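Source file: start_24.cif; contents: mmCIF, C-alpha atoms.
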```
data_data
#
loop_
_atom_site.group_PDB
_atom_site.id
_atom_site.type_symbol
_atom_site.label_atom_id
_atom_site.label_comp_id
_atom_site.auth_asym_id
_atom_site.auth_seq_id
_atom_site.Cartn_x
_atom_site.Cartn_y
_atom_site.Cartn_z
ATOM 1 C CA MET A 76 91.356 67.922 87.836
ATOM 2 C CA ILE A 77 90.740 70.840 90.130
ATOM 3 C CA VAL A 78 93.655 73.167 90.661
ATOM 4 C CA GLY A 79 93.952 74.175 94.289
ATOM 5 C CA GLY A 80 95.773 77.089 95.804
ATOM 6 C CA SER A 81 95.594 80.800 95.286
ATOM 7 C CA ASP A 82 97.874 82.633 92.909
ATOM 8 C CA LEU A 83 98.533 86.044 94.441
ATOM 9 C CA VAL A 84 100.330 88.465 92.138
ATOM 10 C CA LEU A 85 102.528 91.155 93.655
ATOM 11 C CA PHE A 86 104.770 93.666 91.945
ATOM 12 C CA ALA A 87 108.245 94.749 92.959
ATOM 13 C CA PRO A 88 110.687 97.282 91.553
ATOM 14 C CA SER A 89 112.801 95.421 89.022
ATOM 15 C CA ASN A 90 115.989 96.243 90.962
ATOM 16 C CA ALA A 91 114.699 95.004 94.352
ATOM 17 C CA PRO A 92 116.439 91.922 95.825
ATOM 18 C CA VAL A 93 113.124 90.096 95.845
ATOM 19 C CA ALA A 94 114.209 86.565 96.788
ATOM 20 C CA ASP A 95 116.385 87.839 99.651
ATOM 21 C CA LEU A 96 113.513 89.940 100.968
ATOM 22 C CA ILE A 97 111.145 86.975 100.802
ATOM 23 C CA LEU A 98 113.586 84.655 102.549
ATOM 24 C CA GLY A 99 114.249 87.241 105.245
ATOM 25 C CA ARG A 100 110.557 87.628 105.945
ATOM 26 C CA ILE A 101 109.817 83.906 105.979
ATOM 27 C CA ARG A 102 112.763 83.316 108.316
ATOM 28 C CA ARG A 103 110.749 85.241 110.909
ATOM 29 C CA LEU A 104 107.455 83.558 110.108
ATOM 30 C CA TRP A 105 108.671 79.970 109.829
ATOM 31 C CA PRO A 106 112.103 79.670 111.491
ATOM 32 C CA ASP A 107 112.199 75.897 110.940
ATOM 33 C CA SER A 108 111.297 76.063 107.274
ATOM 34 C CA GLN A 109 112.938 74.156 104.445
ATOM 35 C CA VAL A 110 113.727 75.811 101.116
ATOM 36 C CA GLN A 111 113.862 74.146 97.717
ATOM 37 C CA ASP A 112 114.685 75.642 94.346
ATOM 38 C CA VAL A 113 112.288 73.952 91.904
ATOM 39 C CA ASN A 114 115.210 73.076 89.657
ATOM 40 C CA GLU A 115 117.001 71.163 92.402
ATOM 41 C CA ASP A 116 116.173 68.155 94.552
ATOM 42 C CA ALA A 117 117.801 69.420 97.751
ATOM 43 C CA ARG A 118 115.770 70.941 100.559
ATOM 44 C CA ARG A 119 117.752 73.060 102.957
ATOM 45 C CA SER A 120 117.025 74.826 106.198
ATOM 46 C CA ILE A 121 116.196 78.470 105.670
ATOM 47 C CA ARG A 122 119.119 79.210 108.025
ATOM 48 C CA ASP A 123 121.566 77.113 105.995
ATOM 49 C CA PRO A 124 124.451 79.331 104.806
ATOM 50 C CA ARG A 125 123.878 78.135 101.233
ATOM 51 C CA VAL A 126 120.322 79.460 101.396
ATOM 52 C CA VAL A 127 121.396 82.682 103.060
ATOM 53 C CA ILE A 128 124.139 83.292 100.506
ATOM 54 C CA ARG A 129 122.716 81.812 97.313
ATOM 55 C CA GLY A 130 118.979 81.755 97.971
ATOM 56 C CA GLY A 131 118.637 85.222 96.559
ATOM 57 C CA LEU A 132 119.548 83.897 93.132
ATOM 58 C CA SER A 133 116.518 81.632 92.892
ATOM 59 C CA LYS A 134 113.700 82.631 90.588
ATOM 60 C CA GLU A 135 111.301 79.890 91.567
ATOM 61 C CA PHE A 136 111.332 78.246 94.957
ATOM 62 C CA LEU A 137 109.284 76.449 97.573
ATOM 63 C CA ILE A 138 109.326 77.147 101.298
ATOM 64 C CA TYR A 139 107.935 74.352 103.451
ATOM 65 C CA ARG A 140 106.883 75.276 106.996
ATOM 66 C CA ASP A 141 108.965 72.496 108.586
ATOM 67 C CA GLN A 142 110.150 68.944 108.009
ATOM 68 C CA ASP A 143 106.667 67.539 108.688
ATOM 69 C CA ALA A 144 105.374 69.661 105.841
ATOM 70 C CA VAL A 145 108.099 68.339 103.529
ATOM 71 C CA ASP A 146 107.122 64.767 104.405
ATOM 72 C CA ALA A 147 103.414 65.432 103.877
ATOM 73 C CA TRP A 148 103.996 67.083 100.496
ATOM 74 C CA ASP A 149 106.243 64.230 99.378
ATOM 75 C CA ARG A 150 103.596 61.713 100.402
ATOM 76 C CA ASP A 151 100.330 63.353 99.333
ATOM 77 C CA GLY A 152 101.148 66.383 97.218
ATOM 78 C CA ALA A 153 98.866 69.393 97.155
ATOM 79 C CA THR A 154 96.002 68.259 99.379
ATOM 80 C CA LEU A 155 93.738 70.734 101.154
ATOM 81 C CA ALA A 156 95.486 69.800 104.404
ATOM 82 C CA ASN A 157 98.901 70.624 102.945
ATOM 83 C CA LEU A 158 98.211 73.766 100.972
ATOM 84 C CA ASN A 159 98.927 76.153 103.826
ATOM 85 C CA THR A 160 102.158 74.469 104.879
ATOM 86 C CA MET A 161 104.141 75.491 101.827
ATOM 87 C CA LEU A 162 104.600 78.784 100.010
ATOM 88 C CA TYR A 163 105.571 78.731 96.369
ATOM 89 C CA PHE A 164 107.206 81.833 94.905
ATOM 90 C CA ILE A 165 107.779 82.609 91.240
ATOM 91 C CA ILE A 166 109.818 85.710 90.494
ATOM 92 C CA GLY A 167 109.054 86.846 86.994
ATOM 93 C CA ASP A 168 110.907 88.920 84.491
ATOM 94 C CA ALA A 169 110.251 92.600 84.031
ATOM 95 C CA SER A 170 106.537 93.286 83.890
ATOM 96 C CA GLN A 171 104.908 93.653 80.495
ATOM 97 C CA ILE A 172 102.267 95.793 82.193
ATOM 98 C CA GLU A 173 104.319 98.472 83.890
ATOM 99 C CA GLU A 174 107.895 99.457 83.145
ATOM 100 C CA GLY A 175 110.369 99.119 85.993
ATOM 101 C CA LEU A 176 108.381 96.449 87.822
ATOM 102 C CA ARG A 177 108.628 92.706 88.009
ATOM 103 C CA GLU A 178 105.893 90.258 88.826
ATOM 104 C CA VAL A 179 106.141 88.103 91.934
ATOM 105 C CA THR A 180 103.626 85.283 92.286
ATOM 106 C CA LEU A 181 102.869 83.683 95.623
ATOM 107 C CA VAL A 182 101.006 80.386 95.432
ATOM 108 C CA CYS A 183 99.443 79.461 98.754
ATOM 109 C CA GLY A 184 96.315 77.873 100.163
ATOM 110 C CA GLU A 185 93.685 79.663 102.192
ATOM 111 C CA GLN A 186 94.246 83.399 102.435
ATOM 112 C CA THR A 187 94.421 83.490 106.204
ATOM 113 C CA ARG A 188 95.191 86.592 108.283
ATOM 114 C CA GLU A 189 98.753 85.347 108.428
ATOM 115 C CA VAL A 190 99.014 85.157 104.646
ATOM 116 C CA GLN A 191 97.390 88.574 104.201
ATOM 117 C CA GLN A 192 99.893 90.062 106.640
ATOM 118 C CA LEU A 193 102.731 88.343 104.850
ATOM 119 C CA VAL A 194 101.624 89.863 101.553
ATOM 120 C CA ARG A 195 101.419 93.344 103.098
ATOM 121 C CA ASP A 196 104.881 92.919 104.597
ATOM 122 C CA LEU A 197 106.379 91.721 101.336
ATOM 123 C CA GLU A 198 104.828 94.563 99.372
ATOM 124 C CA ALA A 199 106.262 97.033 101.884
ATOM 125 C CA SER A 200 109.700 95.460 101.840
ATOM 126 C CA PHE A 201 109.790 95.439 98.040
ATOM 127 C CA GLN A 202 109.340 99.210 98.269
ATOM 128 C CA GLY A 203 112.185 99.474 100.781
ATOM 129 C CA LYS A 204 109.867 100.118 103.728
ATOM 130 C CA PRO A 205 109.896 98.332 107.098
ATOM 131 C CA TYR A 206 107.439 95.503 107.673
ATOM 132 C CA PRO A 207 104.049 96.816 108.862
ATOM 133 C CA SER A 208 103.666 93.844 111.164
ATOM 134 C CA SER A 209 105.525 93.110 114.335
ATOM 135 C CA LEU A 210 106.642 89.679 115.456
ATOM 136 C CA SER A 211 103.835 89.575 117.984
ATOM 137 C CA GLU A 212 101.247 89.551 115.211
ATOM 138 C CA LEU A 213 102.635 86.381 113.720
ATOM 139 C CA SER A 214 101.669 82.959 114.886
ATOM 140 C CA MET B 77 97.786 69.762 76.653
ATOM 141 C CA TYR B 78 97.086 67.417 79.570
ATOM 142 C CA HIS B 79 94.310 66.718 82.041
ATOM 143 C CA TYR B 80 95.118 64.564 85.073
ATOM 144 C CA THR B 81 92.604 62.612 87.085
ATOM 145 C CA ASP B 82 92.028 59.430 89.093
ATOM 146 C CA LYS B 83 90.728 56.114 87.775
ATOM 147 C CA ALA B 84 87.062 56.976 88.254
ATOM 148 C CA GLY B 85 87.515 60.278 86.452
ATOM 149 C CA TYR B 86 89.433 58.623 83.665
ATOM 150 C CA ASN B 87 86.771 56.004 83.045
ATOM 151 C CA SER B 88 84.018 58.596 83.109
ATOM 152 C CA ILE B 89 85.661 60.975 80.635
ATOM 153 C CA ARG B 90 86.743 58.286 78.176
ATOM 154 C CA SER B 91 83.308 56.657 78.087
ATOM 155 C CA GLY B 92 82.208 58.851 75.170
ATOM 156 C CA VAL B 93 83.666 59.259 71.691
ATOM 157 C CA ASP B 94 84.414 62.874 72.487
ATOM 158 C CA TRP B 95 86.112 63.638 75.785
ATOM 159 C CA SER B 96 84.055 66.019 77.885
ATOM 160 C CA PHE B 97 85.863 67.713 80.765
ATOM 161 C CA LYS B 98 83.404 69.100 83.283
ATOM 162 C CA ALA B 99 83.834 72.571 84.742
ATOM 163 C CA HIS B 100 83.863 72.710 88.548
ATOM 164 C CA GLN B 101 84.163 75.302 91.262
ATOM 165 C CA PRO B 102 87.513 74.898 93.029
ATOM 166 C CA PRO B 103 87.157 74.797 96.835
ATOM 167 C CA PRO B 104 86.499 78.491 97.585
ATOM 168 C CA ARG B 105 88.278 78.589 100.934
ATOM 169 C CA ASP B 106 91.538 77.264 99.550
ATOM 170 C CA SER B 107 91.587 78.541 96.015
ATOM 171 C CA ASP B 108 91.008 81.783 94.168
ATOM 172 C CA HIS B 109 90.716 80.137 90.784
ATOM 173 C CA PRO B 110 87.541 80.606 88.750
ATOM 174 C CA PHE B 111 84.882 78.021 87.991
ATOM 175 C CA GLY B 112 86.224 75.922 85.149
ATOM 176 C CA ALA B 113 87.721 72.799 83.655
ATOM 177 C CA TYR B 114 91.469 72.816 84.207
ATOM 178 C CA PHE B 115 94.421 71.642 82.126
ATOM 179 C CA THR B 116 98.187 71.819 82.162
ATOM 180 C CA SER B 117 100.989 71.961 79.669
ATOM 181 C CA LEU B 118 103.156 69.810 81.963
ATOM 182 C CA GLY B 119 103.401 66.216 80.835
ATOM 183 C CA PRO B 120 103.669 62.976 82.813
ATOM 184 C CA GLY B 121 107.000 62.586 84.552
ATOM 185 C CA THR B 122 107.450 66.299 85.260
ATOM 186 C CA ARG B 123 109.418 66.803 88.484
ATOM 187 C CA LEU B 124 107.343 68.175 91.368
ATOM 188 C CA LEU B 125 104.224 67.980 89.218
ATOM 189 C CA SER B 126 101.799 67.939 92.151
ATOM 190 C CA THR B 127 103.457 71.015 93.603
ATOM 191 C CA LEU B 128 103.775 72.937 90.368
ATOM 192 C CA ILE B 129 100.083 72.620 89.509
ATOM 193 C CA SER B 130 98.609 72.234 93.043
ATOM 194 C CA ILE B 131 96.927 68.872 92.533
ATOM 195 C CA PRO B 132 97.035 65.975 95.039
ATOM 196 C CA THR B 133 99.151 63.020 93.925
ATOM 197 C CA ARG B 134 96.097 60.742 94.073
ATOM 198 C CA LYS B 135 94.604 62.841 91.247
ATOM 199 C CA LEU B 136 97.688 62.457 89.071
ATOM 200 C CA LEU B 137 97.408 58.756 88.348
ATOM 201 C CA TYR B 138 95.713 58.970 84.938
ATOM 202 C CA VAL B 139 96.079 61.468 82.146
ATOM 203 C CA PHE B 140 94.402 62.611 78.970
ATOM 204 C CA ALA B 141 96.545 64.243 76.295
ATOM 205 C CA PHE B 142 95.212 66.262 73.404
ATOM 206 C CA ILE B 143 96.235 68.794 70.800
ATOM 207 C CA ASP B 144 95.933 72.358 72.034
ATOM 208 C CA ILE B 145 94.195 74.769 69.687
ATOM 209 C CA GLY B 146 94.817 77.865 71.792
ATOM 210 C CA ASP B 147 91.286 78.325 73.076
ATOM 211 C CA LEU B 148 92.053 77.835 76.779
ATOM 212 C CA THR B 149 92.639 80.712 79.189
ATOM 213 C CA PRO B 150 95.866 80.861 81.216
ATOM 214 C CA ILE B 151 95.544 81.507 84.938
ATOM 215 C CA ARG B 152 97.004 84.775 86.179
ATOM 216 C CA GLY B 153 100.537 85.059 87.505
ATOM 217 C CA GLY B 154 103.706 83.066 87.111
ATOM 218 C CA ARG B 155 101.936 79.789 86.356
ATOM 219 C CA ARG B 156 100.273 81.208 83.241
ATOM 220 C CA GLU B 157 102.302 78.990 80.929
ATOM 221 C CA ARG B 158 101.464 75.834 82.882
ATOM 222 C CA ILE B 159 97.829 75.992 83.955
ATOM 223 C CA PHE B 160 94.876 76.770 81.712
ATOM 224 C CA TYR B 161 91.120 76.613 82.051
ATOM 225 C CA SER B 162 87.831 76.770 80.249
ATOM 226 C CA THR B 163 84.946 78.495 82.019
ATOM 227 C CA THR B 164 82.516 75.917 80.620
ATOM 228 C CA ASP B 165 82.625 72.166 80.063
ATOM 229 C CA TYR B 166 85.361 71.523 77.517
ATOM 230 C CA VAL B 167 84.953 68.983 74.742
ATOM 231 C CA VAL B 168 87.851 67.401 72.869
ATOM 232 C CA GLU B 169 86.722 65.702 69.687
ATOM 233 C CA ARG B 170 88.367 62.526 68.484
ATOM 234 C CA ALA B 171 90.690 64.197 65.964
ATOM 235 C CA ARG B 172 92.466 66.089 68.744
ATOM 236 C CA GLN B 173 92.734 63.167 71.140
ATOM 237 C CA ILE B 174 96.136 61.596 71.688
ATOM 238 C CA GLN B 175 95.350 58.005 72.545
ATOM 239 C CA SER B 176 97.188 55.821 75.004
ATOM 240 C CA SER B 177 96.373 52.249 75.907
ATOM 241 C CA THR B 178 95.535 52.760 79.568
ATOM 242 C CA GLY B 179 96.084 56.421 80.379
ATOM 243 C CA GLU B 180 98.068 55.366 83.416
ATOM 244 C CA VAL B 181 100.738 57.919 84.207
ATOM 245 C CA ALA B 182 103.092 55.354 85.720
ATOM 246 C CA GLN B 183 102.981 53.263 82.563
ATOM 247 C CA LEU B 184 103.518 56.277 80.317
ATOM 248 C CA VAL B 185 106.499 57.434 82.350
ATOM 249 C CA ALA B 186 107.997 53.931 82.374
ATOM 250 C CA GLY B 187 107.586 53.812 78.606
ATOM 251 C CA GLU B 188 109.515 57.045 78.202
ATOM 252 C CA GLU B 189 112.351 55.640 80.268
ATOM 253 C CA ASP B 190 112.645 52.402 78.248
#
```
When written as structure tokens, how does the structure in this file appear?
Amino acid sequence: MIVGGSDLVLFAPSNAPVADLILGRIRRLWPDSQVQDVNEDARRSIRDPRVVIRGGLSKEFLIYRDQDAVDAWDRDGATLANLNTMLYFIIGDASQIEEGLREVTLVCGEQTREVQQLVRDLEASFQGKPYPSSLSELS
Amino acid sequence: MYHYTDKAGYNSIRSGVDWSFKAHQPPPRDSDHPFGAYFTSLGPGTRLLSTLISIPTRKLLYVFAFIDIGDLTPIRGGRRERIFYSTTDYVVERARQIQSSTGEVAQLVAGEED
């Protein structure tokens, strides 16, 4: 049993709308993505009004790159080929380490340039700053 | 505590009186987890198990269960209550082993549903 993936730990101010910020950023990166709260069976388009309106309430959710990624994950699970086609976010409670912060874990596969840029953008947005990247930098 | 594997892994580990789980280096390109033997607190039948612990479904067909004595290290981040590791080979002596007839996950899950 070898656990794949990388668990990247970010911190956000405890009052930041973390899930909304994540969904907003991924909407630009993967416009055809499918979102699933881990406590529900339904996968919905990231542009679905229910995701736009209620997605921000999720504390633990999966974002698949597209429908092909959903199918591959359903069939094979977390293979090396699939790891970079789904992002898994866990929004924690207030940090035990530093007051006023909450932990945000991103589980992904290889830490590609795209993933590193995503992390920088999320960290900036959690602080209320604009994304450092521009759309042209994203594949 | 649980350790999932395939049939070959299952037969290898159960061949001794004590169960010895070998530490491995996760694939460095796709994982930032340390060298170790890995375990989970999530039992057979858990929804989205492959996703929640990042293991291919083909490696979730057999399972070992044993009594946790708190000596395993949690991984960092939000999965700290689900995934644990030992930095060296990890031995589970007979007294801690929870035996099942075949170790097959499908059979264990079907049994729970009966």
Per-axis box centre and lengths in Å around stretch 127-138 of chain B, 3 Å margin per side, axis-aligned, as AutoDock Vina command-line options:
```
--center_x 99.2 --center_y 65.8 --center_z 90.0 --size_x 15.2 --size_y 20.2 --size_z 16.1
```
Output check: residues returned by the PyMOL selection byres ((chain B and resi 106-121) around 8), as a PDB file with C-alpha atoms, in the frame of the given file:
```pdb
ATOM      1  CA  MET A  76      91.356  67.922  87.836  1.00  0.00           C
ATOM      2  CA  ILE A  77      90.740  70.840  90.130  1.00  0.00           C
ATOM      3  CA  VAL A  78      93.655  73.167  90.661  1.00  0.00           C
ATOM      4  CA  GLY A  79      93.952  74.175  94.289  1.00  0.00           C
ATOM      5  CA  GLY A  80      95.773  77.089  95.804  1.00  0.00           C
ATOM      6  CA  SER A  81      95.594  80.800  95.286  1.00  0.00           C
ATOM      7  CA  ASP A  82      97.874  82.633  92.909  1.00  0.00           C
ATOM      8  CA  LEU A 155      93.738  70.734 101.154  1.00  0.00           C
ATOM      9  CA  LEU A 158      98.211  73.766 100.972  1.00  0.00           C
ATOM     10  CA  GLY A 184      96.315  77.873 100.163  1.00  0.00           C
ATOM     11  CA  GLU A 185      93.685  79.663 102.192  1.00  0.00           C
ATOM     12  CA  GLN A 186      94.246  83.399 102.435  1.00  0.00           C
TER      13      GLN A 186
ATOM     14  CA  MET B  77      97.786  69.762  76.653  1.00  0.00           C
ATOM     15  CA  TYR B  78      97.086  67.417  79.570  1.00  0.00           C
ATOM     16  CA  HIS B  79      94.310  66.718  82.041  1.00  0.00           C
ATOM     17  CA  TYR B  80      95.118  64.564  85.073  1.00  0.00           C
ATOM     18  CA  PHE B  97      85.863  67.713  80.765  1.00  0.00           C
ATOM     19  CA  LYS B  98      83.404  69.100  83.283  1.00  0.00           C
ATOM     20  CA  ALA B  99      83.834  72.571  84.742  1.00  0.00           C
ATOM     21  CA  HIS B 100      83.863  72.710  88.548  1.00  0.00           C
ATOM     22  CA  GLN B 101      84.163  75.302  91.262  1.00  0.00           C
ATOM     23  CA  PRO B 102      87.513  74.898  93.029  1.00  0.00           C
ATOM     24  CA  PRO B 103      87.157  74.797  96.835  1.00  0.00           C
ATOM     25  CA  PRO B 104      86.499  78.491  97.585  1.00  0.00           C
ATOM     26  CA  ARG B 105      88.278  78.589 100.934  1.00  0.00           C
ATOM     27  CA  THR B 122     107.450  66.299  85.260  1.00  0.00           C
ATOM     28  CA  ARG B 123     109.418  66.803  88.484  1.00  0.00           C
ATOM     29  CA  LEU B 125     104.224  67.980  89.218  1.00  0.00           C
ATOM     30  CA  ILE B 129     100.083  72.620  89.509  1.00  0.00           C
ATOM     31  CA  VAL B 139      96.079  61.468  82.146  1.00  0.00           C
ATOM     32  CA  ILE B 151      95.544  81.507  84.938  1.00  0.00           C
ATOM     33  CA  GLU B 157     102.302  78.990  80.929  1.00  0.00           C
ATOM     34  CA  ARG B 158     101.464  75.834  82.882  1.00  0.00           C
ATOM     35  CA  ILE B 159      97.829  75.992  83.955  1.00  0.00           C
ATOM     36  CA  PHE B 160      94.876  76.770  81.712  1.00  0.00           C
ATOM     37  CA  TYR B 161      91.120  76.613  82.051  1.00  0.00           C
ATOM     38  CA  SER B 162      87.831  76.770  80.249  1.00  0.00           C
ATOM     39  CA  THR B 163      84.946  78.495  82.019  1.00  0.00           C
ATOM     40  CA  THR B 164      82.516  75.917  80.620  1.00  0.00           C
ATOM     41  CA  ASP B 165      82.625  72.166  80.063  1.00  0.00           C
ATOM     42  CA  TYR B 166      85.361  71.523  77.517  1.00  0.00           C
ATOM     43  CA  VAL B 181     100.738  57.919  84.207  1.00  0.00           C
ATOM     44  CA  LEU B 184     103.518  56.277  80.317  1.00  0.00           C
ATOM     45  CA  VAL B 185     106.499  57.434  82.350  1.00  0.00           C
TER      46      VAL B 185
END
```
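Nearest-residue note for chain B: choosing from A:Val190, A:Ile138, A:Cys183, A:Ile121, the minimum distance belongs to A:Cys183, counting all atoms listed in the file.
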The PyMOL selection byres ((chain A and resi 96-113) around 7) applied to the shown file, residues as a CSV table (one decimal) with C-alpha atoms, in the frame of the given file:
```csv
chain,number,residue,atom,x,y,z
A,92,PRO,CA,116.4,91.9,95.8
A,93,VAL,CA,113.1,90.1,95.8
A,94,ALA,CA,114.2,86.6,96.8
A,95,ASP,CA,116.4,87.8,99.7
A,114,ASN,CA,115.2,73.1,89.7
A,115,GLU,CA,117.0,71.2,92.4
A,117,ALA,CA,117.8,69.4,97.8
A,118,ARG,CA,115.8,70.9,100.6
A,119,ARG,CA,117.8,73.1,103.0
A,120,SER,CA,117.0,74.8,106.2
A,121,ILE,CA,116.2,78.5,105.7
A,133,SER,CA,116.5,81.6,92.9
A,135,GLU,CA,111.3,79.9,91.6
A,136,PHE,CA,111.3,78.2,95.0
A,137,LEU,CA,109.3,76.4,97.6
A,138,ILE,CA,109.3,77.1,101.3
A,139,TYR,CA,107.9,74.4,103.5
A,140,ARG,CA,106.9,75.3,107.0
A,141,ASP,CA,109.0,72.5,108.6
A,142,GLN,CA,110.2,68.9,108.0
A,197,LEU,CA,106.4,91.7,101.3
A,200,SER,CA,109.7,95.5,101.8
A,213,LEU,CA,102.6,86.4,113.7
```
Handout entry: Distance in Å - atom CA of A:Ala156 versus atom CA of B:Lys83
Key =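 Answer for the atom CA of A:Ala156 to atom CA of B:Lys83 separation: 22.1 Å.
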Practice task
Find the distance between atom CA of B:Gln173 and atom CA of B:Phe142 and write it in Å to one decimal.
Solution key: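 That distance, rounded to one decimal, is 4.6 Å.
Each of A:Val182, A:Ala169, A:Val126, A:Ala91 was checked against chain B using all atoms listed in the file; the smallest atom-to-atom distance is that of A:Val182.
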Practice task
Take the point (105.2, 61.3, 96.4) in the file's coordinates, draw a sphere of radius 12 Å around it, and report as a PyMOL selection string every protein, DNA or RNA residue with an atom inside or on it, counting all atoms listed in the file.
Solution key: (chain A and resi 145-154) or (chain B and resi 123-127+131-137)
Selection export as a short mmCIF file (atom, residue, chain, number, x, y, z; two decimals), in the coordinates of the input, atoms kept: C-alpha atoms:
```
data_model
loop_
_atom_site.label_atom_id
_atom_site.label_comp_id
_atom_site.auth_asym_id
_atom_site.auth_seq_id
_atom_site.Cartn_x
_atom_site.Cartn_y
_atom_site.Cartn_z
CA VAL A 145 108.10 68.34 103.53
CA ASP A 146 107.12 64.77 104.40
CA ALA A 147 103.41 65.43 103.88
CA TRP A 148 104.00 67.08 100.50
CA ASP A 149 106.24 64.23 99.38
CA ARG A 150 103.60 61.71 100.40
CA ASP A 151 100.33 63.35 99.33
CA GLY A 152 101.15 66.38 97.22
CA ALA A 153 98.87 69.39 97.16
CA THR A 154 96.00 68.26 99.38
CA ARG B 123 109.42 66.80 88.48
CA LEU B 124 107.34 68.18 91.37
CA LEU B 125 104.22 67.98 89.22
CA SER B 126 101.80 67.94 92.15
CA THR B 127 103.46 71.02 93.60
CA ILE B 131 96.93 68.87 92.53
CA PRO B 132 97.04 65.97 95.04
CA THR B 133 99.15 63.02 93.92
CA ARG B 134 96.10 60.74 94.07
CA LYS B 135 94.60 62.84 91.25
CA LEU B 136 97.69 62.46 89.07
CA LEU B 137 97.41 58.76 88.35
#
```
Handout entry: Straight-line distance linking atom CA of A:Asn159 with atom CA of A:Glu198, stated in Å to one decimal
Key =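 Distance reported for this atom pair: 19.8 Å.
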Practice task
Using the chain letters and numbers from the file, give me the residues hit by the PyMOL selection byres ((chain B and resi 84-93) around 8), as number ranges by chain.
Solution key: B: 81-83, 94-97, 138-140, 169-170, 179
Problem - Contacts of A:Ser89 within 12 Å, all atoms listed in the file, excl. fewer than 2 positions in-chain, as a PyMOL selection string - result: chain A and resi 86-87+91-94+166-171+173-179+201-202
Exercise for the section: Kindly indicate which residue among A:Ala199, A:Lys134, A:Arg129, A:Val194 lies nearest to chain B, using all atoms listed in the file for the distances. Expected result: A:Lys134
Please return stretch 186-202 of chain A, rebuilt to N, CA and C atoms, as an mmCIF file, in the frame of the given file.
```cif
data_model
loop_
_atom_site.group_PDB
_atom_site.id
_atom_site.type_symbol
_atom_site.label_atom_id
_atom_site.label_comp_id
_atom_site.auth_asym_id
_atom_site.auth_seq_id
_atom_site.Cartn_x
_atom_site.Cartn_y
_atom_site.Cartn_z
ATOM 1 N N GLN A 186 93.672 82.075 102.161
ATOM 2 C CA GLN A 186 94.246 83.399 102.435
ATOM 3 C C GLN A 186 93.906 83.806 103.870
ATOM 4 N N THR A 187 94.629 83.225 104.785
ATOM 5 C CA THR A 187 94.421 83.490 106.204
ATOM 6 C C THR A 187 94.935 84.888 106.556
ATOM 7 N N ARG A 188 94.653 85.308 107.799
ATOM 8 C CA ARG A 188 95.191 86.592 108.283
ATOM 9 C C ARG A 188 96.707 86.617 108.165
ATOM 10 N N GLU A 189 97.295 85.462 108.471
ATOM 11 C CA GLU A 189 98.753 85.347 108.428
ATOM 12 C C GLU A 189 99.280 85.583 107.009
ATOM 13 N N VAL A 190 98.594 84.995 106.037
ATOM 14 C CA VAL A 190 99.014 85.157 104.646
ATOM 15 C C VAL A 190 98.799 86.603 104.202
ATOM 16 N N GLN A 191 97.655 87.181 104.584
ATOM 17 C CA GLN A 191 97.390 88.574 104.201
ATOM 18 C C GLN A 191 98.446 89.510 104.778
ATOM 19 N N GLN A 192 98.854 89.237 106.019
ATOM 20 C CA GLN A 192 99.893 90.062 106.640
ATOM 21 C C GLN A 192 101.225 89.878 105.937
ATOM 22 N N LEU A 193 101.495 88.624 105.576
ATOM 23 C CA LEU A 193 102.731 88.343 104.850
ATOM 24 C C LEU A 193 102.775 89.128 103.543
ATOM 25 N N VAL A 194 101.679 89.141 102.825
ATOM 26 C CA VAL A 194 101.624 89.863 101.553
ATOM 27 C C VAL A 194 101.858 91.359 101.784
ATOM 28 N N ARG A 195 101.215 91.916 102.819
ATOM 29 C CA ARG A 195 101.419 93.344 103.098
ATOM 30 C C ARG A 195 102.886 93.626 103.435
ATOM 31 N N ASP A 196 103.470 92.739 104.222
ATOM 32 C CA ASP A 196 104.881 92.919 104.597
ATOM 33 C C ASP A 196 105.801 92.832 103.382
ATOM 34 N N LEU A 197 105.523 91.867 102.521
ATOM 35 C CA LEU A 197 106.379 91.721 101.336
ATOM 36 C C LEU A 197 106.245 92.938 100.422
ATOM 37 N N GLU A 198 105.019 93.388 100.231
ATOM 38 C CA GLU A 198 104.828 94.563 99.372
ATOM 39 C C GLU A 198 105.573 95.767 99.936
ATOM 40 N N ALA A 199 105.543 95.908 101.264
ATOM 41 C CA ALA A 199 106.262 97.033 101.884
ATOM 42 C C ALA A 199 107.760 96.863 101.701
ATOM 43 N N SER A 200 108.255 95.660 101.926
ATOM 44 C CA SER A 200 109.700 95.460 101.840
ATOM 45 C C SER A 200 110.197 95.622 100.404
ATOM 46 N N PHE A 201 109.377 95.238 99.437
ATOM 47 C CA PHE A 201 109.790 95.439 98.040
ATOM 48 C C PHE A 201 109.984 96.934 97.745
ATOM 49 N N GLN A 202 109.234 97.757 98.471
ATOM 50 C CA GLN A 202 109.340 99.210 98.269
ATOM 51 C C GLN A 202 110.406 99.822 99.174
#
```
